[in-house]
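J.: Structure provided below as structure tokens; questions to follow.
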Amino acid sequence: MHAIRQYEFGPAEVLRYEEVPDPHPGPGQVRIAVGAAGVHVVDTSIRQGGQRGPFPQPDLPMTPGREVAGVVDELGAGVDVEWLGRRVVAHLGMASGGYAELAVREVEALQVLPDGADFDAAVAMIGTGRTTMSILRTAKPTADDVVLVTSAAGGIGALAVQHARNIGATVVGAAGGAAKVAKVRKLGADVAVDYTAPDWAQSVREALDGRAVSLVLDGAGGEYGRAAFDLLGPGGRITMYGREFGEHQFTSDDLLARALAANVVLGPNLLKVPGGMRTLENEALAALADGSLRPLVGPPFALAEAAKAHAALENRETYGKVVLRPTP
């Protein structure tokens, strides 16, 4: 099979497309013929030699990637024969090996794909989707909220916009550049703005016509996160789940001044959900199955273009979920 191999830490160019021996499942495992593999910002951090959240720095050489969808094509000892040929999706957990034509995972970690779900959408929901479910559980948006979502054309942001729209909240989506703003508007945001424009916060105030933002879902951080924070009315709240553009620029004094509330999702907080990550995966895939949430997925990259996919993600040239497909 072909896979991406990494022999050293560094820039995207350290990712190599190579032919390697086929893996085979051990007892209680299956092998998946990968139809799509997810590319995550965590992958880019680990590739550079960093540690991201619970994911430790890996031993090299290695094959990156932790989200795969495809068809079960080989069974390990003790696995029910009914799994053979099933369309499945799985998160590989602390292991790696997703950037490949074949991947191995324990059978109890598999999720059967909802009818009609394609591999790209399934990959988006098994990782990004389950994270979004945790964010929404923490933030608890309601129909009475005015919700501002930063990085709204990203994988999490796009799902958050849809959820807030579905429950009847007023939704403001902020993203970088006209093309991404158009994507956010198409997702159903009541107000879609370009936060790279110098007057974007004032544009939000004018569009809301006197209503204040009551909830910020912030995956941006930095100056964009601060501007979103400043749009909160008294008693508002902010849920932070990323800092793509830098550290969050407010203090406890800023919270006290307007009786605001702040919380953080990701890291250890993700593991506190009753039922664990499996519960969040179930919720995400159920939303995909019933059509209430559709992940925004950017144009796919071929597996051989993994380095290009990493570079595009780091340079913010992508939108939605980034996926790799087997190279023709």
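Convention: chains lettered A, B, ... in structure tokens order; per-chain residue numbering from 1; ligands numbered from 1 as shown.
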Excluding same-chain residues fewer than 3 positions from Trp200 of chain A, what lies within 12 Å of it counting only C-alpha atoms, as JSON, numbers by chain?
T.: {"A": [150, 172, 173, 174, 175, 176, 177, 181, 191, 192, 193, 194, 195, 196, 197, 203, 204, 205, 206, 207, 223, 224, 227, 228, 231]}
J.: I'd like the neighbourhood of Asp115 of chain A as a list in words, where a residue qualifies if any of its atoms comes within 12 Å (using only C-alpha atoms), though same-chain residues fewer than 5 positions away should be ignored.
T.: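 Listing them by chain and then by number gives Arg86, Arg87, Val88, Ala121, Ala122, Leu285, Ala286, Leu288, Ala289, Asp290 and Gly291 of chain A.
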J.: Convert the current residue selection to file output with N, CA and C atoms, as a PDB file, in the first residue's frame.
T.:
ATOM      1  N   ARG A  86     -18.387  -3.766   5.603  1.00  0.00           N
ATOM      2  CA  ARG A  86     -19.166  -2.641   6.130  1.00  0.00           C
ATOM      3  C   ARG A  86     -18.459  -1.308   5.901  1.00  0.00           C
ATOM      4  N   ARG A  87     -19.273  -0.285   5.626  1.00  0.00           N
ATOM      5  CA  ARG A  87     -18.772   1.087   5.530  1.00  0.00           C
ATOM      6  C   ARG A  87     -18.698   1.656   6.950  1.00  0.00           C
ATOM      7  N   VAL A  88     -17.520   2.080   7.362  1.00  0.00           N
ATOM      8  CA  VAL A  88     -17.312   2.491   8.742  1.00  0.00           C
ATOM      9  C   VAL A  88     -16.491   3.780   8.787  1.00  0.00           C
ATOM     10  N   ALA A 121     -17.731  13.397   4.678  1.00  0.00           N
ATOM     11  CA  ALA A 121     -18.583  13.916   5.752  1.00  0.00           C
ATOM     12  C   ALA A 121     -18.407  13.101   7.028  1.00  0.00           C
ATOM     13  N   ALA A 122     -18.281  11.789   6.885  1.00  0.00           N
ATOM     14  CA  ALA A 122     -18.114  10.934   8.058  1.00  0.00           C
ATOM     15  C   ALA A 122     -16.821  11.246   8.788  1.00  0.00           C
ATOM     16  N   LEU A 285     -22.695  11.811  14.643  1.00  0.00           N
ATOM     17  CA  LEU A 285     -23.127  10.992  13.510  1.00  0.00           C
ATOM     18  C   LEU A 285     -24.649  10.945  13.395  1.00  0.00           C
ATOM     19  N   ALA A 286     -25.350  11.052  14.524  1.00  0.00           N
ATOM     20  CA  ALA A 286     -26.812  11.120  14.473  1.00  0.00           C
ATOM     21  C   ALA A 286     -27.258  12.399  13.788  1.00  0.00           C
ATOM     22  N   LEU A 288     -25.566  13.990  11.540  1.00  0.00           N
ATOM     23  CA  LEU A 288     -25.283  13.796  10.116  1.00  0.00           C
ATOM     24  C   LEU A 288     -26.374  12.950   9.473  1.00  0.00           C
ATOM     25  N   ALA A 289     -26.788  11.893  10.178  1.00  0.00           N
ATOM     26  CA  ALA A 289     -27.788  10.979   9.629  1.00  0.00           C
ATOM     27  C   ALA A 289     -29.134  11.651   9.422  1.00  0.00           C
ATOM     28  N   ASP A 290     -29.539  12.506  10.370  1.00  0.00           N
ATOM     29  CA  ASP A 290     -30.856  13.134  10.224  1.00  0.00           C
ATOM     30  C   ASP A 290     -30.807  14.439   9.424  1.00  0.00           C
ATOM     31  N   GLY A 291     -29.620  14.821   8.985  1.00  0.00           N
ATOM     32  CA  GLY A 291     -29.488  15.994   8.131  1.00  0.00           C
ATOM     33  C   GLY A 291     -29.481  17.328   8.849  1.00  0.00           C
TER      34      GLY A 291
END
J.: May I ask which of the residues A:Ala312, A:Leu60, A:Ala164, A:Leu113 is the closest one to Pro299 of chain A, counting only C-alpha atoms?
T.: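 Looking at the shortest contact to Pro299 of chain A, the residue is A:Ala312.
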J.: Can you tell me, as a PyMOL selection string, what residues are no more than 12 Å from Lys321 of chain A when counting only C-alpha atoms, ignoring any on the same chain fewer than 5 positions away?
T.: chain A and resi 36-41+67+120-129+152-159+294-301+309+312-313+316
J.: Contacts of Glu283 of chain A at 12 Å or less, counting only C-alpha atoms, minus same-chain residues fewer than 4 places along, as a list of chain:residue names?
T.: A:Gln111, A:Met125, A:Ile126, A:Gly127, A:Gly129, A:Arg130, A:Thr131, A:Thr132, A:Met133, A:Ser134, A:Leu136, A:Arg137, A:Val273, A:Gly275, A:Gly276, A:Met277, A:Arg278, A:Thr279, A:Ala287, A:Leu288, A:Ala289, A:Asp290, A:Ser292, A:Leu293
J.: Select, from A:Leu148, A:Leu266, A:Val161, A:Leu75, the residue with the minimum atom-to-atom distance to Asp218 of chain A, counting only C-alpha atoms.
T.: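 Ranking A:Leu148, A:Leu266, A:Val161, A:Leu75 by distance to Asp218 of chain A, first place goes to A:Leu148.
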J.: Using only C-alpha atoms, can you tell me which of A:Leu280, A:Ala189, A:Thr239, A:Phe245 comes closest to Ala262 of chain A?
T.: A:Thr239
J.: Can you pull out the residues contacting Pro326 of chain A? Cut-off 7 Å, using only C-alpha atoms, and skip same-chain residues under 2 positions away; I want them as a compact mmCIF listing (two decimals) with N, CA, C and O atoms, in the first residue's frame.
T.:
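Full text of around.txt as output:
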# COMPACT_ATOMS: atom_id res chain seq x y z
N GLY A 35 -11.17 5.35 2.50
CA GLY A 35 -11.76 6.16 1.44
C GLY A 35 -11.50 7.64 1.64
O GLY A 35 -11.48 8.42 0.68
N GLU A 101 -3.50 4.09 2.66
CA GLU A 101 -4.56 3.40 1.93
C GLU A 101 -5.25 2.36 2.78
O GLU A 101 -6.40 1.99 2.50
N ALA A 302 -5.35 14.69 -2.77
CA ALA A 302 -4.92 13.30 -2.92
C ALA A 302 -3.96 12.95 -1.80
O ALA A 302 -3.27 13.81 -1.26
N LEU A 303 -3.93 11.67 -1.44
CA LEU A 303 -3.03 11.23 -0.37
C LEU A 303 -1.60 11.67 -0.63
O LEU A 303 -0.89 12.10 0.30
N LEU A 324 -8.00 13.92 2.93
CA LEU A 324 -7.18 13.25 1.93
C LEU A 324 -7.95 12.06 1.37
O LEU A 324 -8.61 11.35 2.11
N PRO A 328 -5.25 8.43 -7.08
CA PRO A 328 -5.66 7.54 -8.20
C PRO A 328 -4.47 6.81 -8.80
O PRO A 328 -3.36 7.34 -8.85
J.: Applying 8 Å and only C-alpha atoms, which residues near segment 233-236 of chain A remain after dropping the ones on its own chain fewer than 5 positions away? List them as number ranges by chain.
T.: A: 212-215, 258-261
J.: Enumerate as number ranges by chain all residues of segment 151-239 of chain A assigned to helix (DSSP H, G or I) by DSSP on the backbone, naming them with the chain letters and numbers the document uses.
T.: A: 155-166, 178-187, 200-208, 222-230
J.: For segment 43-47 of chain A, please output as an NGL selection string all residues within 8 Å (counting only C-alpha atoms; exclusion window: fewer than 2 positions along the same chain).
T.: :A and (6 or 9-12 or 39-41 or 49-52 or 57-58 or 64-65 or 310 or 314)
J.: Take the residues just selected and output them with all heavy atoms as a short mmCIF file (atom, residue, chain, number, x, y, z; two decimals), in the first residue's frame.
T.:
data_model
loop_
_atom_site.label_atom_id
_atom_site.label_comp_id
_atom_site.auth_asym_id
_atom_site.auth_seq_id
_atom_site.Cartn_x
_atom_site.Cartn_y
_atom_site.Cartn_z
N GLN A 6 6.79 10.02 7.89
CA GLN A 6 7.51 11.15 8.44
C GLN A 6 8.72 10.62 9.22
O GLN A 6 8.56 9.84 10.16
CB GLN A 6 6.60 11.99 9.35
CG GLN A 6 7.30 13.18 9.98
CD GLN A 6 6.37 14.01 10.85
OE1 GLN A 6 5.15 13.92 10.73
NE2 GLN A 6 6.95 14.83 11.71
N PHE A 9 10.98 15.83 12.32
CA PHE A 9 10.05 16.92 12.58
C PHE A 9 10.45 18.13 11.73
O PHE A 9 11.64 18.35 11.48
CB PHE A 9 10.05 17.29 14.06
CG PHE A 9 9.57 16.17 14.96
CD1 PHE A 9 10.42 15.56 15.85
CD2 PHE A 9 8.25 15.74 14.88
CE1 PHE A 9 9.99 14.53 16.67
CE2 PHE A 9 7.80 14.70 15.69
CZ PHE A 9 8.67 14.10 16.60
N GLY A 10 9.45 18.89 11.32
CA GLY A 10 9.78 20.05 10.52
C GLY A 10 8.61 20.55 9.70
O GLY A 10 7.44 20.31 10.05
N PRO A 11 8.89 21.25 8.60
CA PRO A 11 7.83 21.81 7.75
C PRO A 11 7.06 20.74 7.01
O PRO A 11 7.40 19.54 7.08
CB PRO A 11 8.61 22.71 6.79
CG PRO A 11 9.96 22.08 6.70
CD PRO A 11 10.24 21.54 8.07
N ALA A 12 6.05 21.15 6.28
CA ALA A 12 5.18 20.21 5.59
C ALA A 12 5.94 19.27 4.67
O ALA A 12 5.55 18.12 4.45
CB ALA A 12 4.11 20.97 4.81
N VAL A 39 -7.52 15.58 7.95
CA VAL A 39 -6.32 16.36 8.26
C VAL A 39 -6.72 17.40 9.29
O VAL A 39 -7.65 18.18 9.07
CB VAL A 39 -5.75 17.04 7.01
CG1 VAL A 39 -4.50 17.86 7.36
CG2 VAL A 39 -5.44 16.00 5.93
N HIS A 40 -6.04 17.40 10.41
CA HIS A 40 -6.42 18.25 11.54
C HIS A 40 -5.27 19.19 11.88
O HIS A 40 -4.10 18.86 11.65
CB HIS A 40 -6.74 17.36 12.75
CG HIS A 40 -7.53 18.03 13.82
ND1 HIS A 40 -6.97 18.93 14.69
CD2 HIS A 40 -8.83 17.92 14.17
CE1 HIS A 40 -7.89 19.35 15.54
NE2 HIS A 40 -9.02 18.76 15.24
N VAL A 41 -5.61 20.34 12.45
CA VAL A 41 -4.56 21.27 12.87
C VAL A 41 -3.63 20.63 13.89
O VAL A 41 -2.44 20.97 13.96
CB VAL A 41 -5.19 22.57 13.42
CG1 VAL A 41 -5.94 22.32 14.72
CG2 VAL A 41 -4.12 23.65 13.62
N GLY A 49 6.86 18.82 15.69
CA GLY A 49 7.58 18.38 16.88
C GLY A 49 6.96 18.84 18.17
O GLY A 49 7.53 18.67 19.24
N GLY A 50 5.76 19.41 18.08
CA GLY A 50 5.09 19.90 19.28
C GLY A 50 4.16 18.87 19.87
O GLY A 50 3.88 17.82 19.28
N GLN A 51 3.67 19.17 21.06
CA GLN A 51 2.67 18.33 21.72
C GLN A 51 1.39 19.12 21.76
O GLN A 51 1.38 20.29 22.14
CB GLN A 51 3.10 17.95 23.13
CG GLN A 51 2.11 17.04 23.84
CD GLN A 51 2.63 16.53 25.17
OE1 GLN A 51 3.81 16.62 25.46
NE2 GLN A 51 1.74 16.02 25.99
N ARG A 52 0.28 18.52 21.37
CA ARG A 52 -0.98 19.24 21.28
C ARG A 52 -2.02 18.52 22.12
O ARG A 52 -2.43 17.41 21.82
CB ARG A 52 -1.44 19.32 19.82
CG ARG A 52 -2.64 20.21 19.56
CD ARG A 52 -2.27 21.69 19.74
NE ARG A 52 -3.43 22.51 19.43
CZ ARG A 52 -3.59 23.19 18.28
NH1 ARG A 52 -2.64 23.15 17.36
NH2 ARG A 52 -4.66 23.92 18.07
N GLN A 57 4.21 13.74 21.69
CA GLN A 57 5.11 13.74 20.55
C GLN A 57 5.39 12.29 20.16
O GLN A 57 5.78 11.48 20.99
CB GLN A 57 6.41 14.45 20.92
CG GLN A 57 7.34 14.69 19.74
CD GLN A 57 8.60 15.42 20.15
OE1 GLN A 57 9.55 14.80 20.63
NE2 GLN A 57 8.61 16.72 19.99
N PRO A 58 5.19 11.95 18.89
CA PRO A 58 5.32 10.54 18.50
C PRO A 58 6.77 10.14 18.28
O PRO A 58 7.65 10.97 18.08
CB PRO A 58 4.55 10.50 17.18
CG PRO A 58 4.76 11.87 16.60
CD PRO A 58 4.75 12.81 17.78
N PRO A 64 1.19 9.88 9.95
CA PRO A 64 0.25 10.72 10.68
C PRO A 64 -1.20 10.33 10.41
O PRO A 64 -1.51 9.49 9.57
CB PRO A 64 0.54 12.13 10.13
CG PRO A 64 1.80 12.01 9.33
CD PRO A 64 1.88 10.59 8.88
N GLY A 65 -2.10 11.03 11.11
CA GLY A 65 -3.52 10.92 10.83
C GLY A 65 -4.28 10.08 11.81
O GLY A 65 -3.86 8.96 12.14
N HIS A 310 -1.24 20.09 4.35
CA HIS A 310 -0.74 20.70 5.59
C HIS A 310 -0.40 22.17 5.38
O HIS A 310 -0.75 23.02 6.20
CB HIS A 310 0.50 19.94 6.08
CG HIS A 310 0.18 18.81 6.99
ND1 HIS A 310 0.86 18.56 8.16
CD2 HIS A 310 -0.76 17.83 6.91
CE1 HIS A 310 0.36 17.49 8.75
NE2 HIS A 310 -0.61 17.01 8.00
N GLU A 314 -2.12 25.40 7.23
CA GLU A 314 -1.33 26.34 8.03
C GLU A 314 -1.39 27.77 7.49
O GLU A 314 -1.33 28.73 8.25
CB GLU A 314 0.12 25.86 8.11
CG GLU A 314 0.28 24.60 8.94
CD GLU A 314 1.68 24.05 8.90
OE1 GLU A 314 2.19 23.72 7.81
OE2 GLU A 314 2.29 23.93 9.98
#
J.: Counting only C-alpha atoms, which of A:Arg66, A:Lys272, A:Arg211, A:His2 gets nearest to Arg16 of chain A?
T.: A:His2
J.: Do you have the atom CA of Val20 of chain A-atom CA of Ala69 of chain A distance handy?
T.: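 These atoms are spaced 20.0 Å apart.
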J.: Hey, what does DSSP flag as strand (DSSP E) within segment 24-260 of chain A? Can you give it to me as a count of residues only?
T.: 61
